[in-house]
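Structure data follow from start_35.cif (mmCIF, C-alpha atoms and all ligand atoms):
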```cif
data_protein
loop_
_atom_site.label_atom_id
_atom_site.label_comp_id
_atom_site.auth_asym_id
_atom_site.auth_seq_id
_atom_site.Cartn_x
_atom_site.Cartn_y
_atom_site.Cartn_z
CA MET A 1040 7.02 3.54 13.99
CA SER A 1041 6.08 6.62 16.02
CA THR A 1042 3.38 6.71 18.67
CA GLU A 1043 1.71 9.57 16.78
CA SER A 1044 0.91 7.35 13.78
CA THR A 1045 -2.62 6.71 15.09
CA SER A 1046 -4.44 9.71 16.45
CA LEU A 1047 -6.75 10.03 19.42
CA SER A 1048 -10.51 9.96 19.05
CA THR A 1049 -11.76 13.47 18.21
CA ASP A 1050 -14.36 13.54 21.03
CA ILE A 1051 -11.63 13.18 23.67
CA THR A 1052 -12.02 16.76 24.90
CA SER A 1053 -15.70 16.30 25.78
CA ARG A 1054 -15.15 13.39 28.17
CA ARG A 1055 -12.54 11.80 30.40
CA PRO A 1056 -9.93 9.85 28.44
CA VAL A 1057 -9.74 6.13 29.07
CA ILE A 1058 -6.13 4.96 29.32
CA GLY A 1059 -5.38 1.25 29.08
CA VAL A 1060 -2.22 0.09 30.85
CA PHE A 1061 -0.80 -3.41 30.85
CA ASP A 1062 2.16 -5.35 32.14
CA SER A 1063 3.02 -8.99 32.58
CA GLY A 1064 2.10 -8.46 36.22
CA PHE A 1065 2.63 -5.91 38.95
CA GLY A 1066 5.62 -3.90 37.68
CA GLY A 1067 3.50 -1.71 35.41
CA LEU A 1068 1.81 -0.32 38.52
CA THR A 1069 4.98 1.79 39.03
CA VAL A 1070 4.08 3.43 35.70
CA LEU A 1071 0.40 3.75 36.67
CA ARG A 1072 1.50 5.50 39.88
CA GLU A 1073 3.22 8.20 37.79
CA LEU A 1074 0.27 8.43 35.38
CA LEU A 1075 -2.14 8.98 38.26
CA GLN A 1076 -0.02 11.87 39.52
CA LEU A 1077 0.49 13.52 36.15
CA ILE A 1078 -2.91 12.86 34.53
CA PRO A 1079 -5.48 12.69 37.34
CA SER A 1080 -8.33 13.49 34.96
CA ALA A 1081 -8.36 10.07 33.27
CA HIS A 1082 -10.04 6.72 33.82
CA TYR A 1083 -7.48 3.90 33.92
CA VAL A 1084 -8.01 0.25 33.06
CA TYR A 1085 -5.00 -1.78 34.25
CA LEU A 1086 -4.34 -5.37 33.27
CA GLY A 1087 -1.67 -7.52 34.93
CA ASP A 1088 -1.16 -10.72 32.96
CA THR A 1089 0.02 -12.54 36.09
CA ALA A 1090 -0.97 -16.02 34.85
CA ARG A 1091 1.62 -15.80 32.07
CA LEU A 1092 4.34 -13.89 33.95
CA PRO A 1093 7.31 -13.76 33.51
CA TYR A 1094 7.50 -12.47 29.94
CA GLY A 1095 11.23 -11.77 30.30
CA SER A 1096 12.33 -15.38 29.77
CA LYS A 1097 10.03 -16.10 26.81
CA SER A 1098 10.47 -15.97 23.02
CA ARG A 1099 9.48 -13.01 20.86
CA GLU A 1100 6.58 -14.95 19.29
CA THR A 1101 5.09 -15.75 22.70
CA ILE A 1102 5.58 -12.23 24.06
CA VAL A 1103 3.90 -10.72 20.96
CA ARG A 1104 0.96 -13.13 21.28
CA TYR A 1105 0.50 -12.37 25.00
CA ALA A 1106 0.87 -8.62 24.49
CA LEU A 1107 -1.65 -8.62 21.63
CA SER A 1108 -4.30 -10.38 23.69
CA SER A 1109 -3.83 -7.94 26.60
CA ALA A 1110 -3.90 -4.96 24.26
CA GLN A 1111 -7.04 -6.17 22.46
CA PHE A 1112 -8.82 -6.66 25.79
CA LEU A 1113 -8.02 -3.07 26.80
CA ALA A 1114 -9.06 -1.69 23.39
CA ALA A 1115 -12.38 -3.54 23.77
CA LYS A 1116 -12.77 -1.93 27.21
CA GLY A 1117 -12.82 1.43 25.45
CA ALA A 1118 -9.20 2.56 25.85
CA ASP A 1119 -8.44 5.73 23.89
CA LEU A 1120 -4.74 5.16 24.32
CA LEU A 1121 -2.65 2.18 25.37
CA VAL A 1122 0.44 2.20 27.58
CA ILE A 1123 2.68 -0.87 27.45
CA ALA A 1124 3.96 -0.57 31.02
CA CYS A 1125 6.40 -3.43 30.52
CA ASN A 1126 9.89 -3.13 29.07
CA THR A 1127 9.89 -6.68 27.73
CA ALA A 1128 6.57 -6.28 25.89
CA THR A 1129 7.66 -2.86 24.59
CA ALA A 1130 11.01 -4.16 23.38
CA LEU A 1131 9.50 -7.16 21.60
CA ALA A 1132 5.95 -6.16 20.63
CA LEU A 1133 5.57 -2.35 20.37
CA GLU A 1134 5.53 -2.25 16.58
CA ASP A 1135 3.13 -5.21 16.28
CA LEU A 1136 0.71 -3.50 18.67
CA GLN A 1137 0.97 -0.18 16.86
CA VAL A 1138 0.03 -1.93 13.61
CA ALA A 1139 -2.76 -4.03 15.15
CA LEU A 1140 -4.55 -1.39 17.24
CA PRO A 1141 -6.63 1.57 16.08
CA ILE A 1142 -5.44 3.71 19.03
CA PRO A 1143 -2.07 5.30 19.91
CA VAL A 1144 0.30 2.93 21.71
CA VAL A 1145 3.06 4.22 24.00
CA GLY A 1146 5.88 2.01 25.26
CA VAL A 1147 8.45 2.55 28.00
CA VAL A 1148 11.74 2.13 26.11
CA GLU A 1149 11.93 5.42 24.20
CA PRO A 1150 10.79 7.54 27.18
CA GLY A 1151 13.35 5.67 29.33
CA ALA A 1152 16.12 6.36 26.82
CA ARG A 1153 15.18 10.05 26.72
CA ALA A 1154 15.28 10.19 30.53
CA ALA A 1155 18.76 8.62 30.40
CA ARG A 1156 19.90 11.26 27.91
CA ASP A 1157 18.60 14.03 30.18
CA ALA A 1158 20.31 12.43 33.20
CA ALA A 1159 23.60 11.99 31.30
CA GLY A 1160 23.58 15.70 30.49
CA GLN A 1161 23.18 16.57 34.18
CA GLN A 1162 26.15 14.57 35.52
CA ASP A 1163 28.90 16.53 37.28
CA VAL A 1164 31.38 14.52 35.23
CA ARG A 1165 29.72 14.04 31.87
CA SER A 1166 29.54 10.44 30.67
CA ASP A 1167 27.67 9.13 27.65
CA ASP A 1168 27.90 5.56 28.92
CA VAL A 1169 24.57 4.20 30.15
CA LEU A 1170 24.18 0.87 31.88
CA VAL A 1171 20.80 -0.80 31.37
CA LEU A 1172 19.58 -3.57 33.69
CA ALA A 1173 16.72 -5.56 32.17
CA THR A 1174 15.22 -8.99 31.57
CA SER A 1175 16.89 -11.47 29.22
CA ALA A 1176 14.29 -10.94 26.48
CA THR A 1177 14.71 -7.15 26.63
CA THR A 1178 18.52 -7.26 26.46
CA GLN A 1179 18.44 -9.83 23.63
CA SER A 1180 16.14 -7.57 21.61
CA GLY A 1181 18.71 -4.76 21.66
CA ALA A 1182 15.85 -2.24 21.90
CA TYR A 1183 17.58 -0.08 24.52
CA THR A 1184 20.87 -0.10 22.62
CA ARG A 1185 19.05 1.13 19.49
CA ALA A 1186 17.11 3.80 21.39
CA LEU A 1187 20.15 5.06 23.35
CA THR A 1188 22.48 4.97 20.34
CA ALA A 1189 19.96 7.06 18.38
CA LEU A 1190 20.30 9.69 21.13
CA GLY A 1191 24.11 9.68 20.94
CA LEU A 1192 24.69 7.56 24.06
CA ASN A 1193 26.70 4.36 24.56
CA ALA A 1194 24.62 1.51 25.95
CA THR A 1195 25.63 -1.60 27.84
CA GLU A 1196 22.73 -3.96 28.53
CA LYS A 1197 22.93 -6.45 31.36
CA ALA A 1198 20.40 -9.28 31.72
CA CYS A 1199 19.38 -9.80 35.36
CA PRO A 1200 16.97 -12.75 35.28
CA LEU A 1201 16.99 -13.30 39.06
CA LEU A 1202 15.73 -9.83 39.97
CA VAL A 1203 12.05 -10.22 39.01
CA PRO A 1204 11.62 -13.39 41.14
CA LEU A 1205 13.31 -11.65 44.10
CA VAL A 1206 10.82 -8.77 43.85
CA GLU A 1207 7.87 -11.12 43.28
CA GLU A 1208 8.80 -13.17 46.34
CA GLY A 1209 9.19 -10.04 48.46
CA TRP A 1210 12.85 -10.79 49.25
CA LEU A 1211 13.68 -7.13 49.77
CA GLU A 1212 12.66 -6.46 53.36
CA LEU A 1213 13.58 -9.11 55.98
CA PRO A 1214 17.38 -9.07 56.67
CA MET A 1215 17.79 -12.82 55.96
CA TYR A 1216 16.22 -12.47 52.49
CA LYS A 1217 17.55 -9.00 51.78
CA SER A 1218 21.12 -10.26 52.09
CA VAL A 1219 20.41 -12.64 49.19
CA ALA A 1220 19.02 -9.81 47.07
CA LEU A 1221 22.08 -7.67 47.88
CA GLU A 1222 24.46 -10.49 46.92
CA VAL A 1223 22.65 -11.09 43.63
CA LEU A 1224 22.78 -7.37 42.86
CA ARG A 1225 26.46 -7.21 43.79
CA ILE A 1226 27.31 -9.98 41.30
CA TYR A 1227 25.21 -8.48 38.50
CA LEU A 1228 26.63 -5.00 39.04
CA ILE A 1229 30.26 -6.19 39.22
CA GLU A 1230 29.77 -8.02 35.91
CA ALA A 1231 27.98 -5.04 34.34
CA LEU A 1232 30.59 -2.51 35.49
CA ALA A 1233 33.36 -4.69 34.11
CA GLN A 1234 31.72 -4.21 30.70
CA SER A 1235 31.00 -0.51 31.19
CA PRO A 1236 33.50 0.93 33.74
CA GLY A 1237 32.75 4.54 32.78
CA ALA A 1238 28.98 4.35 33.20
CA ALA A 1239 27.53 7.18 35.28
CA THR A 1240 23.86 6.53 34.53
CA LEU A 1241 22.00 3.36 35.46
CA LEU A 1242 18.72 2.83 33.62
CA LEU A 1243 16.27 0.43 35.24
CA GLY A 1244 14.94 -1.32 32.12
CA CYS A 1245 12.27 -3.36 33.87
CA THR A 1246 9.18 -2.05 35.63
CA HIS A 1247 9.86 -4.34 38.61
CA TYR A 1248 13.22 -2.75 39.34
CA PRO A 1249 12.14 0.58 40.89
CA LEU A 1250 11.34 -1.46 44.01
CA LEU A 1251 15.02 -2.48 44.12
CA LYS A 1252 16.33 1.07 43.89
CA PRO A 1253 17.34 1.43 47.58
CA LEU A 1254 19.23 -1.89 47.43
CA ILE A 1255 20.91 -0.93 44.15
CA GLU A 1256 22.03 2.35 45.73
CA THR A 1257 23.46 0.48 48.73
CA THR A 1258 25.27 -1.96 46.44
CA LEU A 1259 26.74 0.79 44.26
CA LYS A 1260 27.99 2.49 47.42
CA THR A 1261 29.79 -0.65 48.57
CA LEU A 1262 31.28 -0.99 45.07
CA ARG A 1263 32.35 2.69 45.25
CA HIS A 1264 30.67 3.38 41.95
CA PRO A 1265 27.85 5.86 42.55
CA MET A 1266 25.54 6.30 39.56
CA ARG A 1267 22.44 8.30 38.79
CA ILE A 1268 19.62 5.75 38.80
CA ILE A 1269 16.64 6.41 36.59
CA ASP A 1270 13.57 4.51 35.47
CA SER A 1271 11.13 5.09 32.66
CA ALA A 1272 7.92 5.42 34.71
CA ASN A 1273 7.85 9.21 35.03
CA ALA A 1274 9.17 9.77 31.49
CA THR A 1275 6.48 7.44 30.10
CA ALA A 1276 3.75 9.32 31.97
CA ARG A 1277 5.07 12.57 30.47
CA ALA A 1278 5.04 11.02 26.96
CA VAL A 1279 1.37 10.06 27.49
CA ALA A 1280 0.48 13.54 28.77
CA GLU A 1281 2.01 15.05 25.62
CA LEU A 1282 -0.38 13.02 23.47
CA LEU A 1283 -3.49 14.11 25.37
CA PRO A 1284 -5.24 17.45 25.11
CA ARG A 1285 -4.08 19.85 27.85
CA SER A 1286 -5.70 18.90 31.17
CA GLU A 1287 -7.80 22.07 31.30
CA GLU A 1288 -9.36 21.00 27.97
CA ILE A 1289 -10.42 17.64 29.39
CA SER A 1290 -13.62 17.53 31.41
CA GLU A 1291 -12.81 17.57 35.12
CA GLY A 1292 -12.88 14.62 37.52
CA ALA A 1293 -10.68 12.63 39.85
CA ALA A 1294 -8.82 9.64 38.46
CA SER A 1295 -10.57 6.30 38.65
CA CYS A 1296 -9.11 2.83 38.12
CA GLU A 1297 -10.31 -0.64 37.18
CA PHE A 1298 -7.92 -3.53 37.75
CA TYR A 1299 -7.82 -6.93 36.04
CA ALA A 1300 -5.46 -9.83 36.70
CA THR A 1301 -5.22 -13.17 34.94
CA ASP A 1302 -4.24 -15.05 38.12
CA SER A 1303 -4.85 -14.80 41.88
CA VAL A 1304 -6.79 -11.64 42.64
CA GLU A 1305 -5.71 -11.85 46.29
CA LYS A 1306 -2.00 -11.88 45.36
CA PHE A 1307 -2.51 -9.05 42.89
CA GLN A 1308 -4.13 -6.88 45.56
CA ARG A 1309 -1.46 -7.71 48.13
CA LEU A 1310 1.64 -7.24 45.94
CA GLY A 1311 0.03 -4.60 43.76
CA SER A 1312 -0.43 -2.19 46.65
CA ILE A 1313 3.36 -2.23 47.21
CA PHE A 1314 4.03 -1.33 43.56
CA LEU A 1315 1.24 1.26 43.36
CA GLY A 1316 1.91 2.74 46.79
CA ARG A 1317 -1.79 2.56 47.75
CA GLU A 1318 -4.57 0.04 48.23
CA LEU A 1319 -6.18 -1.54 45.16
CA ALA A 1320 -9.88 -1.38 45.95
CA SER A 1321 -11.00 -4.29 43.80
CA VAL A 1322 -9.41 -6.56 41.21
CA GLN A 1323 -11.33 -8.66 38.70
CA LEU A 1324 -10.16 -12.04 37.49
CA LEU A 1325 -9.75 -12.34 33.73
CA ASP A 1326 -9.14 -15.39 31.52
CA LEU A 1327 -7.09 -14.55 28.45
CA GLY A 1328 -6.45 -18.19 27.56
CA GLY A 1329 -2.99 -19.73 27.19
N1 LIG A 1401 7.62 -6.04 33.92
C1 LIG A 1401 8.51 -6.73 33.01
C2 LIG A 1401 9.44 -5.73 32.33
O1 LIG A 1401 9.34 -4.53 32.53
C3 LIG A 1401 9.33 -7.80 33.67
C4 LIG A 1401 8.58 -8.95 34.28
C5 LIG A 1401 8.53 -10.17 33.39
O2 LIG A 1401 9.56 -10.76 33.09
O3 LIG A 1401 7.42 -10.51 33.02
O4 LIG A 1401 10.28 -6.14 31.55
#
```
Rewrite the coordinates I just gave you, this time as structure tokens.
Ligand code: DGL
Amino acid sequence: MSTESTSLSTDITSRRPVIGVFDSGFGGLTVLRELLQLIPSAHYVYLGDTARLPYGSKSRETIVRYALSSAQFLAAKGADLLVIACNTATALALEDLQVALPIPVVGVVEPGARAARDAAGQQDVRSDDVLVLATSATTQSGAYTRALTALGLNATEKACPLLVPLVEEGWLELPMYKSVALEVLRIYLIEALAQSPGAATLLLGCTHYPLLKPLIETTLKTLRHPMRIIDSANATARAVAELLPRSEEISEGAASCEFYATDSVEKFQRLGSIFLGRELASVQLLDLGG
């Protein structure tokens, strides 16, 4: 189903659009960061479903149920458009959300696949082989393989279930912890490259992974397999901008944000500022049930 199947409210040009963004937790803030840069004229309502994180190890039924409750909360908050800033929720629940909601719903998988196609075309040595690192649920869904195959690319998906906890625990900075993260990445990348030795593009298929990019680059260097690393955050923001009226047609104003989290507000503010690259002024606690 295409994102254009439900159209935007017709009064959108006379006021600031409200864009709902959700993720299982903090990772989606890397998408919000790009949205804020590209569409500064909007009001954003961001929900991190931290109480039920991680989604990446759960079943499709559970992920759809969680994603629906987050999406319905944002629709009730007046969202004109919804961004699923989570690869796992996009891979497993995009179509359910598009059917259930009366507003356009944009996921991160198709924009990410398009960014991979563009990157593959820019390689010095052209390669259609794309390596996707993602959560177990995302790789099991095959969503990236379908999206990349439809664009004429060859996909190899590698589940990396230890990466989200490493990011969540902040094991990327201090040398003692960082060495663990580097070793985990080394093992995952050796296994992935054994399956896809010709890959020249590495697609980060999880919104937590952009924080690992410097460590992934270091690891690829030690493996002597440099690759172009891309993520779907910027491409998703561009897909959203394409759905909105041109910015000069939207009434002016600086971007504003409301944040909601379903678990510790203090942790959300602390970790969230690393993902967003700026302070989160205030975060409200939300109970979405189990
Ligand atoms: N942010 C999620 C994603 O992009 C991963 C975190 C989780 O497992 O909940 O897939």
Go through chain A and flag each residue having an atom no more than 9 Å from ligand LIG 1401 (chain A); for those, report the closest pair of atoms plus their distance in Å to one decimal, using all atoms listed in the file, ordered by chain and rising number, as a Markdown table.
```
| residue | atom | partner | partner_atom | distance |
| --- | --- | --- | --- | --- |
| A:Asp1062 | CA | A:LIG1401 | N1 | 5.8 |
| A:Ser1063 | CA | A:LIG1401 | O3 | 4.7 |
| A:Gly1064 | CA | A:LIG1401 | N1 | 6.5 |
| A:Phe1065 | CA | A:LIG1401 | N1 | 7.1 |
| A:Gly1066 | CA | A:LIG1401 | N1 | 4.8 |
| A:Gly1067 | CA | A:LIG1401 | N1 | 6.2 |
| A:Asp1088 | CA | A:LIG1401 | O3 | 8.6 |
| A:Thr1089 | CA | A:LIG1401 | O3 | 8.3 |
| A:Arg1091 | CA | A:LIG1401 | O3 | 7.9 |
| A:Leu1092 | CA | A:LIG1401 | O3 | 4.7 |
| A:Pro1093 | CA | A:LIG1401 | O3 | 3.3 |
| A:Tyr1094 | CA | A:LIG1401 | O3 | 3.7 |
| A:Gly1095 | CA | A:LIG1401 | O2 | 3.4 |
| A:Ser1096 | CA | A:LIG1401 | O2 | 6.3 |
| A:Lys1097 | CA | A:LIG1401 | O2 | 8.3 |
| A:Ala1124 | CA | A:LIG1401 | O1 | 6.8 |
| A:Cys1125 | CA | A:LIG1401 | O1 | 3.7 |
| A:Asn1126 | CA | A:LIG1401 | O1 | 3.8 |
| A:Thr1127 | CA | A:LIG1401 | O4 | 3.9 |
| A:Ala1128 | CA | A:LIG1401 | O4 | 6.8 |
| A:Thr1129 | CA | A:LIG1401 | O4 | 8.1 |
| A:Ala1130 | CA | A:LIG1401 | O4 | 8.4 |
| A:Val1147 | CA | A:LIG1401 | O1 | 8.5 |
| A:Ala1173 | CA | A:LIG1401 | O4 | 6.5 |
| A:Thr1174 | CA | A:LIG1401 | O4 | 5.7 |
| A:Ser1175 | CA | A:LIG1401 | O2 | 8.3 |
| A:Ala1176 | CA | A:LIG1401 | O4 | 8.1 |
| A:Thr1177 | CA | A:LIG1401 | O4 | 6.7 |
| A:Pro1200 | CA | A:LIG1401 | O2 | 8.0 |
| A:Val1203 | CA | A:LIG1401 | C4 | 6.0 |
| A:Pro1204 | CA | A:LIG1401 | O2 | 8.7 |
| A:Leu1243 | CA | A:LIG1401 | O1 | 8.9 |
| A:Gly1244 | CA | A:LIG1401 | O1 | 6.5 |
| A:Cys1245 | CA | A:LIG1401 | O1 | 3.4 |
| A:Thr1246 | CA | A:LIG1401 | O1 | 4.0 |
| A:His1247 | CA | A:LIG1401 | N1 | 5.5 |
| A:Tyr1248 | CA | A:LIG1401 | O1 | 8.0 |
```
**Prompt:** Of the candidates A:Leu1202, A:Ala1152, A:Val1219, A:Met1266, which shows the shortest atom-to-atom distance to Ala1186 (chain A), using only C-alpha atoms?
**Reply:**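 Comparing A:Leu1202, A:Ala1152, A:Val1219, A:Met1266 against Ala1186 (chain A), the winner is A:Ala1152.
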**Request:** Write out as a ChimeraX atom specification each polymer residue whose atoms come within 10 Å of Asn1193 (chain A), counting all atoms listed in the file; drop sequence neighbours fewer than 5 positions from it.
**Result:** /A:1166-1170,1184-1185,1187-1188,1235,1238
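Shortest atom-to-atom contact with Lys1217 (chain A) among A:Val1138, A:Ala1114, A:Ile1255, A:Ala1155: A:Ile1255, counting all atoms listed in the file.
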(2.3, 1.1, 38.2) in this file's frame - what residues fall within 9 Å of it? Use only C-alpha atoms and give the answer as a short mmCIF file (atom, residue, chain, number, x, y, z; two decimals) with C-alpha atoms, keeping the file's coordinate frame.
```cif
data_model
loop_
_atom_site.label_atom_id
_atom_site.label_comp_id
_atom_site.auth_asym_id
_atom_site.auth_seq_id
_atom_site.Cartn_x
_atom_site.Cartn_y
_atom_site.Cartn_z
CA VAL A 1060 -2.22 0.09 30.85
CA ASP A 1062 2.16 -5.35 32.14
CA PHE A 1065 2.63 -5.91 38.95
CA GLY A 1066 5.62 -3.90 37.68
CA GLY A 1067 3.50 -1.71 35.41
CA LEU A 1068 1.81 -0.32 38.52
CA THR A 1069 4.98 1.79 39.03
CA VAL A 1070 4.08 3.43 35.70
CA LEU A 1071 0.40 3.75 36.67
CA ARG A 1072 1.50 5.50 39.88
CA GLU A 1073 3.22 8.20 37.79
CA LEU A 1074 0.27 8.43 35.38
CA TYR A 1085 -5.00 -1.78 34.25
CA ALA A 1124 3.96 -0.57 31.02
CA THR A 1246 9.18 -2.05 35.63
CA ALA A 1272 7.92 5.42 34.71
CA GLY A 1311 0.03 -4.60 43.76
CA PHE A 1314 4.03 -1.33 43.56
CA LEU A 1315 1.24 1.26 43.36
CA GLY A 1316 1.91 2.74 46.79
#
```
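Interatomic distance, CA of Leu1120 (chain A) to CA of Leu1325 (chain A): 20.5 Å.
Comparing the minimum interatomic distances between Lys1260 (chain A) and each of A:Leu1228, A:Leu1172, A:Leu1283, A:Leu1086, counting all atoms listed in the file, we find that A:Leu1228 sits nearest.
The closest residue to Val1304 (chain A), picked from A:Val1144, A:Leu1241, A:Ala1198, A:Ala1090 and counting only C-alpha atoms, is A:Ala1090.
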